[in-house]
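**Q** Structure file input_9.txt (compact mmCIF, N, CA and C atoms) is given on the next line.
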```txt
# COMPACT_ATOMS: atom_id res chain seq x y z
N MET A 24 -14.77 -2.88 2.61
CA MET A 24 -14.81 -4.26 3.02
C MET A 24 -14.08 -5.15 2.00
N GLN A 25 -14.15 -4.80 0.74
CA GLN A 25 -13.45 -5.59 -0.27
C GLN A 25 -11.94 -5.51 -0.08
N ALA A 26 -11.45 -4.33 0.29
CA ALA A 26 -10.01 -4.18 0.54
C ALA A 26 -9.58 -5.06 1.70
N SER A 27 -10.39 -5.10 2.75
CA SER A 27 -10.09 -5.95 3.90
C SER A 27 -10.06 -7.42 3.49
N LYS A 28 -11.05 -7.81 2.72
CA LYS A 28 -11.14 -9.19 2.26
C LYS A 28 -9.91 -9.56 1.42
N HIS A 29 -9.51 -8.66 0.54
CA HIS A 29 -8.35 -8.92 -0.30
C HIS A 29 -7.08 -9.06 0.55
N LEU A 30 -6.91 -8.18 1.53
CA LEU A 30 -5.72 -8.26 2.38
C LEU A 30 -5.67 -9.57 3.16
N VAL A 31 -6.80 -10.02 3.66
CA VAL A 31 -6.85 -11.29 4.39
C VAL A 31 -6.52 -12.45 3.46
N TYR A 32 -7.11 -12.47 2.28
CA TYR A 32 -6.83 -13.55 1.32
C TYR A 32 -5.38 -13.54 0.87
N HIS A 33 -4.82 -12.34 0.68
CA HIS A 33 -3.43 -12.24 0.25
C HIS A 33 -2.49 -12.77 1.35
N ALA A 34 -2.76 -12.41 2.59
CA ALA A 34 -1.95 -12.91 3.70
C ALA A 34 -2.07 -14.43 3.81
N ALA A 35 -3.28 -14.95 3.63
CA ALA A 35 -3.49 -16.40 3.70
C ALA A 35 -2.77 -17.11 2.56
N TRP A 36 -2.81 -16.52 1.36
CA TRP A 36 -2.10 -17.10 0.22
C TRP A 36 -0.60 -17.16 0.49
N LYS A 37 -0.04 -16.06 1.02
CA LYS A 37 1.39 -16.05 1.33
C LYS A 37 1.73 -17.09 2.39
N LYS A 38 0.88 -17.23 3.39
CA LYS A 38 1.11 -18.23 4.44
C LYS A 38 1.06 -19.64 3.85
N ASP A 39 0.08 -19.90 2.98
CA ASP A 39 -0.02 -21.21 2.33
C ASP A 39 1.21 -21.53 1.50
N ASN A 40 1.87 -20.50 0.99
CA ASN A 40 3.06 -20.67 0.16
C ASN A 40 4.36 -20.49 0.96
N ASN A 41 4.25 -20.63 2.27
CA ASN A 41 5.41 -20.56 3.18
C ASN A 41 6.22 -19.29 3.02
N MET A 42 5.53 -18.19 2.81
CA MET A 42 6.18 -16.89 2.70
C MET A 42 5.97 -16.11 4.00
N ASP A 43 6.81 -15.10 4.21
CA ASP A 43 6.70 -14.25 5.40
C ASP A 43 5.39 -13.45 5.32
N VAL A 44 4.60 -13.50 6.39
CA VAL A 44 3.30 -12.82 6.38
C VAL A 44 3.14 -11.79 7.49
N ILE A 45 4.22 -11.45 8.17
CA ILE A 45 4.10 -10.55 9.31
C ILE A 45 3.47 -9.23 8.90
N LYS A 46 4.01 -8.60 7.86
CA LYS A 46 3.49 -7.31 7.42
C LYS A 46 2.06 -7.44 6.90
N GLU A 47 1.82 -8.43 6.07
CA GLU A 47 0.49 -8.60 5.47
C GLU A 47 -0.57 -8.91 6.52
N ALA A 48 -0.22 -9.72 7.51
CA ALA A 48 -1.18 -10.04 8.57
C ALA A 48 -1.50 -8.80 9.39
N ALA A 49 -0.48 -8.00 9.69
CA ALA A 49 -0.71 -6.76 10.45
C ALA A 49 -1.56 -5.79 9.64
N MET A 50 -1.29 -5.69 8.34
CA MET A 50 -2.08 -4.80 7.48
C MET A 50 -3.53 -5.26 7.42
N ALA A 51 -3.75 -6.56 7.28
CA ALA A 51 -5.11 -7.09 7.20
C ALA A 51 -5.87 -6.82 8.49
N LYS A 52 -5.23 -7.04 9.63
CA LYS A 52 -5.89 -6.81 10.91
C LYS A 52 -6.19 -5.34 11.11
N LEU A 53 -5.23 -4.48 10.79
CA LEU A 53 -5.41 -3.04 10.98
C LEU A 53 -6.57 -2.52 10.13
N ILE A 54 -6.54 -2.80 8.85
CA ILE A 54 -7.57 -2.28 7.95
C ILE A 54 -8.93 -2.89 8.26
N SER A 55 -8.97 -4.19 8.51
CA SER A 55 -10.25 -4.86 8.78
C SER A 55 -10.89 -4.37 10.07
N SER A 56 -10.10 -4.27 11.13
CA SER A 56 -10.67 -3.85 12.42
C SER A 56 -11.08 -2.39 12.40
N GLU A 57 -10.28 -1.53 11.77
CA GLU A 57 -10.65 -0.12 11.72
C GLU A 57 -11.84 0.12 10.79
N SER A 58 -11.94 -0.65 9.72
CA SER A 58 -13.12 -0.54 8.85
C SER A 58 -14.38 -0.97 9.58
N ALA A 59 -14.29 -2.08 10.30
CA ALA A 59 -15.45 -2.56 11.06
C ALA A 59 -15.89 -1.52 12.08
N MET A 60 -14.94 -0.92 12.77
CA MET A 60 -15.28 0.10 13.78
C MET A 60 -15.91 1.32 13.13
N SER A 61 -15.37 1.75 12.01
CA SER A 61 -15.91 2.91 11.30
C SER A 61 -17.34 2.65 10.81
N ILE A 62 -17.57 1.48 10.27
CA ILE A 62 -18.90 1.12 9.77
C ILE A 62 -19.90 1.06 10.91
N CYS A 63 -19.50 0.45 12.02
CA CYS A 63 -20.41 0.35 13.18
C CYS A 63 -20.69 1.72 13.78
N THR A 64 -19.69 2.57 13.85
CA THR A 64 -19.90 3.93 14.36
C THR A 64 -20.89 4.68 13.48
N GLU A 65 -20.76 4.54 12.19
CA GLU A 65 -21.68 5.20 11.26
C GLU A 65 -23.10 4.63 11.41
N ALA A 66 -23.21 3.32 11.61
CA ALA A 66 -24.53 2.70 11.80
C ALA A 66 -25.20 3.23 13.06
N ILE A 67 -24.42 3.41 14.12
CA ILE A 67 -24.98 3.96 15.36
C ILE A 67 -25.44 5.39 15.13
N GLN A 68 -24.67 6.16 14.38
CA GLN A 68 -25.07 7.54 14.06
C GLN A 68 -26.40 7.56 13.32
N VAL A 69 -26.56 6.64 12.39
CA VAL A 69 -27.79 6.58 11.60
C VAL A 69 -28.98 6.22 12.49
N LEU A 70 -28.77 5.27 13.40
CA LEU A 70 -29.87 4.81 14.26
C LEU A 70 -30.13 5.73 15.45
N GLY A 71 -29.19 6.60 15.74
CA GLY A 71 -29.36 7.50 16.89
C GLY A 71 -29.36 6.71 18.18
N GLY A 72 -30.25 7.05 19.09
CA GLY A 72 -30.33 6.40 20.39
C GLY A 72 -30.62 4.92 20.32
N TYR A 73 -31.31 4.49 19.27
CA TYR A 73 -31.61 3.07 19.13
C TYR A 73 -30.34 2.24 18.93
N GLY A 74 -29.29 2.87 18.46
CA GLY A 74 -28.04 2.14 18.24
C GLY A 74 -27.40 1.64 19.51
N TYR A 75 -27.82 2.16 20.66
CA TYR A 75 -27.22 1.78 21.93
C TYR A 75 -28.03 0.76 22.72
N ILE A 76 -29.21 0.41 22.26
CA ILE A 76 -30.03 -0.52 23.04
C ILE A 76 -29.82 -1.95 22.55
N HIS A 77 -29.95 -2.89 23.47
CA HIS A 77 -29.64 -4.29 23.18
C HIS A 77 -30.55 -4.92 22.14
N GLU A 78 -31.71 -4.36 21.90
CA GLU A 78 -32.65 -4.96 20.95
C GLU A 78 -32.16 -4.83 19.50
N TYR A 79 -31.20 -3.96 19.27
CA TYR A 79 -30.67 -3.77 17.91
C TYR A 79 -29.27 -4.40 17.82
N ASP A 80 -29.05 -5.16 16.77
CA ASP A 80 -27.78 -5.87 16.60
C ASP A 80 -26.59 -4.94 16.51
N VAL A 81 -26.80 -3.71 16.06
CA VAL A 81 -25.67 -2.80 15.87
C VAL A 81 -24.94 -2.53 17.18
N GLU A 82 -25.63 -2.60 18.30
CA GLU A 82 -24.99 -2.41 19.61
C GLU A 82 -23.96 -3.51 19.85
N ARG A 83 -24.30 -4.73 19.53
CA ARG A 83 -23.37 -5.86 19.68
C ARG A 83 -22.25 -5.77 18.65
N PHE A 84 -22.60 -5.40 17.43
CA PHE A 84 -21.57 -5.25 16.39
C PHE A 84 -20.53 -4.21 16.80
N PHE A 85 -21.00 -3.13 17.41
CA PHE A 85 -20.09 -2.07 17.86
C PHE A 85 -19.11 -2.61 18.91
N ARG A 86 -19.63 -3.34 19.88
CA ARG A 86 -18.77 -3.92 20.92
C ARG A 86 -17.79 -4.92 20.32
N ASP A 87 -18.28 -5.75 19.39
CA ASP A 87 -17.41 -6.74 18.76
C ASP A 87 -16.32 -6.06 17.93
N ALA A 88 -16.69 -5.00 17.22
CA ALA A 88 -15.71 -4.29 16.38
C ALA A 88 -14.63 -3.64 17.24
N LYS A 89 -15.03 -3.11 18.39
CA LYS A 89 -14.05 -2.46 19.26
C LYS A 89 -13.03 -3.46 19.79
N ILE A 90 -13.48 -4.65 20.14
CA ILE A 90 -12.53 -5.64 20.66
C ILE A 90 -11.60 -6.11 19.54
N LEU A 91 -12.04 -6.06 18.29
CA LEU A 91 -11.16 -6.42 17.18
C LEU A 91 -9.99 -5.45 17.08
N GLU A 92 -10.23 -4.18 17.41
CA GLU A 92 -9.14 -3.20 17.38
C GLU A 92 -8.15 -3.43 18.51
N ILE A 93 -8.61 -4.02 19.60
CA ILE A 93 -7.77 -4.16 20.80
C ILE A 93 -7.09 -5.53 20.86
N GLY A 94 -7.84 -6.58 20.59
CA GLY A 94 -7.32 -7.93 20.72
C GLY A 94 -6.20 -8.24 19.74
N GLU A 95 -5.26 -9.08 20.17
CA GLU A 95 -4.11 -9.49 19.35
C GLU A 95 -3.27 -8.32 18.89
N GLY A 96 -3.24 -7.25 19.65
CA GLY A 96 -2.43 -6.08 19.31
C GLY A 96 -3.30 -4.93 18.85
N THR A 97 -3.17 -3.81 19.51
CA THR A 97 -3.97 -2.64 19.15
C THR A 97 -3.60 -2.13 17.77
N SER A 98 -4.40 -1.21 17.26
CA SER A 98 -4.10 -0.61 15.95
C SER A 98 -2.73 0.05 15.95
N GLU A 99 -2.37 0.66 17.07
CA GLU A 99 -1.07 1.31 17.15
C GLU A 99 0.06 0.29 17.05
N ILE A 100 -0.11 -0.84 17.71
CA ILE A 100 0.89 -1.91 17.63
C ILE A 100 0.99 -2.43 16.21
N GLN A 101 -0.14 -2.59 15.54
CA GLN A 101 -0.12 -3.06 14.15
C GLN A 101 0.64 -2.09 13.26
N ARG A 102 0.47 -0.80 13.49
CA ARG A 102 1.21 0.21 12.72
C ARG A 102 2.71 0.10 12.96
N ILE A 103 3.09 -0.15 14.20
CA ILE A 103 4.51 -0.32 14.52
C ILE A 103 5.07 -1.55 13.81
N ILE A 104 4.33 -2.63 13.81
CA ILE A 104 4.76 -3.86 13.14
C ILE A 104 4.93 -3.61 11.65
N ILE A 105 3.96 -2.96 11.04
CA ILE A 105 4.02 -2.66 9.60
C ILE A 105 5.24 -1.80 9.29
N ALA A 106 5.45 -0.75 10.08
CA ALA A 106 6.59 0.15 9.85
C ALA A 106 7.90 -0.61 10.00
N ARG A 107 8.00 -1.44 11.03
CA ARG A 107 9.23 -2.21 11.25
C ARG A 107 9.52 -3.12 10.06
N GLU A 108 8.48 -3.77 9.55
CA GLU A 108 8.68 -4.68 8.42
C GLU A 108 9.05 -3.92 7.14
N ILE A 109 8.47 -2.75 6.94
CA ILE A 109 8.83 -1.94 5.77
C ILE A 109 10.28 -1.48 5.88
N LEU A 110 10.68 -1.02 7.06
CA LEU A 110 12.05 -0.54 7.25
C LEU A 110 13.08 -1.66 7.09
N LYS A 111 12.72 -2.88 7.41
CA LYS A 111 13.64 -4.01 7.22
C LYS A 111 14.08 -4.12 5.77
N SER A 112 13.16 -3.86 4.85
CA SER A 112 13.49 -4.01 3.43
C SER A 112 14.41 -2.90 2.93
N TYR A 113 14.58 -1.83 3.69
CA TYR A 113 15.45 -0.73 3.28
C TYR A 113 16.79 -0.73 4.00
N GLN A 114 17.02 -1.66 4.88
CA GLN A 114 18.29 -1.73 5.60
C GLN A 114 19.22 -2.70 4.88
N PRO A 115 20.50 -2.34 4.83
CA PRO A 115 21.44 -3.25 4.16
C PRO A 115 21.56 -4.56 4.92
N ASN A 116 21.74 -5.62 4.18
CA ASN A 116 21.91 -6.94 4.80
C ASN A 116 23.34 -7.06 5.30
N ASP A 117 23.48 -7.54 6.52
CA ASP A 117 24.83 -7.69 7.09
C ASP A 117 25.38 -9.06 6.84
```
Could you write out this file's structure as structure tokens?
**A**
Amino acid sequence: MQASKHLVYHAAWKKDNNMDVIKEAAMAKLISSESAMSICTEAIQVLGGYGYIHEYDVERFFRDAKILEIGEGTSEIQRIIIAREILKSYQPND
């Protein structure tokens, strides 16, 4: 979670300083959403069947985490964006 927080703050800092944030924003979204999903999946494993019933918040957290992976570009799209931005720095300027 600290890595996710750092990536978000770093992207925000770059945006505040009028710097390009495409790669950093994609990295922050990818790591944050996948971390949230992983943590929620583990919480459901710990709770067993109780993790799926509405009386426990983890059920809602799981649904919310899943939509974070999908909304504003799936994890796969974020990886493509990151790769594209990295490759830009290795191409000669015309």
**Q** Counting only N, CA and C atoms, which of A:Glu99, A:Ala88, A:Arg83, A:Tyr73 gets nearest to Ala59 (chain A)?
**A**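 Among A:Glu99, A:Ala88, A:Arg83, A:Tyr73, it is A:Ala88 that comes nearest to Ala59 (chain A).
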**Q** Mind giving me the axis-aligned box for region 43-59 of chain A with 6 Å on every side, centre plus edges in Å to one decimal, as lines of an AutoDock Vina configuration file?
**A**
```
center_x = -4.5
center_y = -7.5
center_z = 8.3
size_x = 34.7
size_y = 27.2
size_z = 20.2
```
**Q** Can you work out which one of A:Cys63, A:Ala48, A:Ile105, A:Ile100 has the shortest atom-to-atom distance to Leu30 (chain A), counting all atoms listed in the file?
**A** A:Ala48
**Q** Measuring atom to atom with only C-alpha atoms, identify which of A:Gly74, A:Glu82, A:Lys89, A:Trp36 is nearest to Ser61 (chain A).
**A**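 Answer, going by the shortest atom-to-atom distance: A:Lys89.
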**Q** State, in Å with one decimal place, the distance from atom C of Val44 (chain A) to atom N of Gln114 (chain A).
**A**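 These atoms are spaced 17.4 Å apart.
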**Q** I'd like the interatomic distance between CA of Ile54 (chain A) and atom C of Thr97 (chain A), to a tenth of an Å.
**A** 10.6 Å
**Q** May I have the residues at most 8 Å from (-17.0, -4.9, 5.1) in the file's coordinates, counting all atoms listed in the file, as a list of chain:residue names?
**A**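 Residues lying no farther than 8 Å from the given point: A:Met24, A:Gln25, A:Ala26, A:Ser27, A:Lys28, A:Ser55, A:Ser58, A:Ala59, A:Ile62.
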**Q** Select region 98-117 of chain A in the preceding structure and write N, CA and C atoms to a file as a PDB file, in the first residue's frame.
**A**
```
ATOM      1  N   SER A  98      -6.181  -3.284 -16.480  1.00  0.00           N
ATOM      2  CA  SER A  98      -4.767  -3.456 -16.145  1.00  0.00           C
ATOM      3  C   SER A  98      -3.937  -3.703 -17.397  1.00  0.00           C
ATOM      4  N   GLU A  99      -4.496  -4.433 -18.342  1.00  0.00           N
ATOM      5  CA  GLU A  99      -3.771  -4.702 -19.584  1.00  0.00           C
ATOM      6  C   GLU A  99      -3.530  -3.412 -20.368  1.00  0.00           C
ATOM      7  N   ILE A 100      -4.531  -2.555 -20.411  1.00  0.00           N
ATOM      8  CA  ILE A 100      -4.385  -1.264 -21.094  1.00  0.00           C
ATOM      9  C   ILE A 100      -3.334  -0.420 -20.390  1.00  0.00           C
ATOM     10  N   GLN A 101      -3.330  -0.431 -19.067  1.00  0.00           N
ATOM     11  CA  GLN A 101      -2.329   0.336 -18.321  1.00  0.00           C
ATOM     12  C   GLN A 101      -0.920  -0.159 -18.641  1.00  0.00           C
ATOM     13  N   ARG A 102      -0.756  -1.464 -18.776  1.00  0.00           N
ATOM     14  CA  ARG A 102       0.552  -2.023 -19.139  1.00  0.00           C
ATOM     15  C   ARG A 102       0.980  -1.565 -20.533  1.00  0.00           C
ATOM     16  N   ILE A 103       0.036  -1.509 -21.456  1.00  0.00           N
ATOM     17  CA  ILE A 103       0.344  -1.036 -22.808  1.00  0.00           C
ATOM     18  C   ILE A 103       0.772   0.430 -22.767  1.00  0.00           C
ATOM     19  N   ILE A 104       0.071   1.233 -21.999  1.00  0.00           N
ATOM     20  CA  ILE A 104       0.409   2.655 -21.877  1.00  0.00           C
ATOM     21  C   ILE A 104       1.806   2.815 -21.292  1.00  0.00           C
ATOM     22  N   ILE A 105       2.102   2.076 -20.238  1.00  0.00           N
ATOM     23  CA  ILE A 105       3.420   2.154 -19.603  1.00  0.00           C
ATOM     24  C   ILE A 105       4.509   1.753 -20.594  1.00  0.00           C
ATOM     25  N   ALA A 106       4.305   0.646 -21.299  1.00  0.00           N
ATOM     26  CA  ALA A 106       5.297   0.177 -22.271  1.00  0.00           C
ATOM     27  C   ALA A 106       5.505   1.207 -23.375  1.00  0.00           C
ATOM     28  N   ARG A 107       4.415   1.772 -23.876  1.00  0.00           N
ATOM     29  CA  ARG A 107       4.514   2.781 -24.933  1.00  0.00           C
ATOM     30  C   ARG A 107       5.326   3.985 -24.473  1.00  0.00           C
ATOM     31  N   GLU A 108       5.074   4.423 -23.241  1.00  0.00           N
ATOM     32  CA  GLU A 108       5.794   5.585 -22.721  1.00  0.00           C
ATOM     33  C   GLU A 108       7.275   5.276 -22.485  1.00  0.00           C
ATOM     34  N   ILE A 109       7.581   4.072 -22.043  1.00  0.00           N
ATOM     35  CA  ILE A 109       8.984   3.682 -21.858  1.00  0.00           C
ATOM     36  C   ILE A 109       9.689   3.623 -23.207  1.00  0.00           C
ATOM     37  N   LEU A 110       9.039   3.036 -24.197  1.00  0.00           N
ATOM     38  CA  LEU A 110       9.646   2.921 -25.526  1.00  0.00           C
ATOM     39  C   LEU A 110       9.867   4.280 -26.180  1.00  0.00           C
ATOM     40  N   LYS A 111       9.032   5.247 -25.884  1.00  0.00           N
ATOM     41  CA  LYS A 111       9.217   6.598 -26.430  1.00  0.00           C
ATOM     42  C   LYS A 111      10.579   7.164 -26.058  1.00  0.00           C
ATOM     43  N   SER A 112      11.024   6.877 -24.839  1.00  0.00           N
ATOM     44  CA  SER A 112      12.298   7.434 -24.382  1.00  0.00           C
ATOM     45  C   SER A 112      13.497   6.771 -25.057  1.00  0.00           C
ATOM     46  N   TYR A 113      13.298   5.640 -25.720  1.00  0.00           N
ATOM     47  CA  TYR A 113      14.394   4.944 -26.394  1.00  0.00           C
ATOM     48  C   TYR A 113      14.386   5.147 -27.900  1.00  0.00           C
ATOM     49  N   GLN A 114      13.446   5.880 -28.424  1.00  0.00           N
ATOM     50  CA  GLN A 114      13.389   6.127 -29.861  1.00  0.00           C
ATOM     51  C   GLN A 114      14.069   7.454 -30.174  1.00  0.00           C
ATOM     52  N   PRO A 115      14.806   7.479 -31.280  1.00  0.00           N
ATOM     53  CA  PRO A 115      15.478   8.740 -31.637  1.00  0.00           C
ATOM     54  C   PRO A 115      14.455   9.825 -31.958  1.00  0.00           C
ATOM     55  N   ASN A 116      14.794  11.029 -31.600  1.00  0.00           N
ATOM     56  CA  ASN A 116      13.913  12.166 -31.897  1.00  0.00           C
ATOM     57  C   ASN A 116      14.086  12.554 -33.355  1.00  0.00           C
ATOM     58  N   ASP A 117      12.977  12.756 -34.031  1.00  0.00           N
ATOM     59  CA  ASP A 117      13.048  13.136 -35.454  1.00  0.00           C
ATOM     60  C   ASP A 117      13.038  14.626 -35.620  1.00  0.00           C
TER      61      ASP A 117
END
```
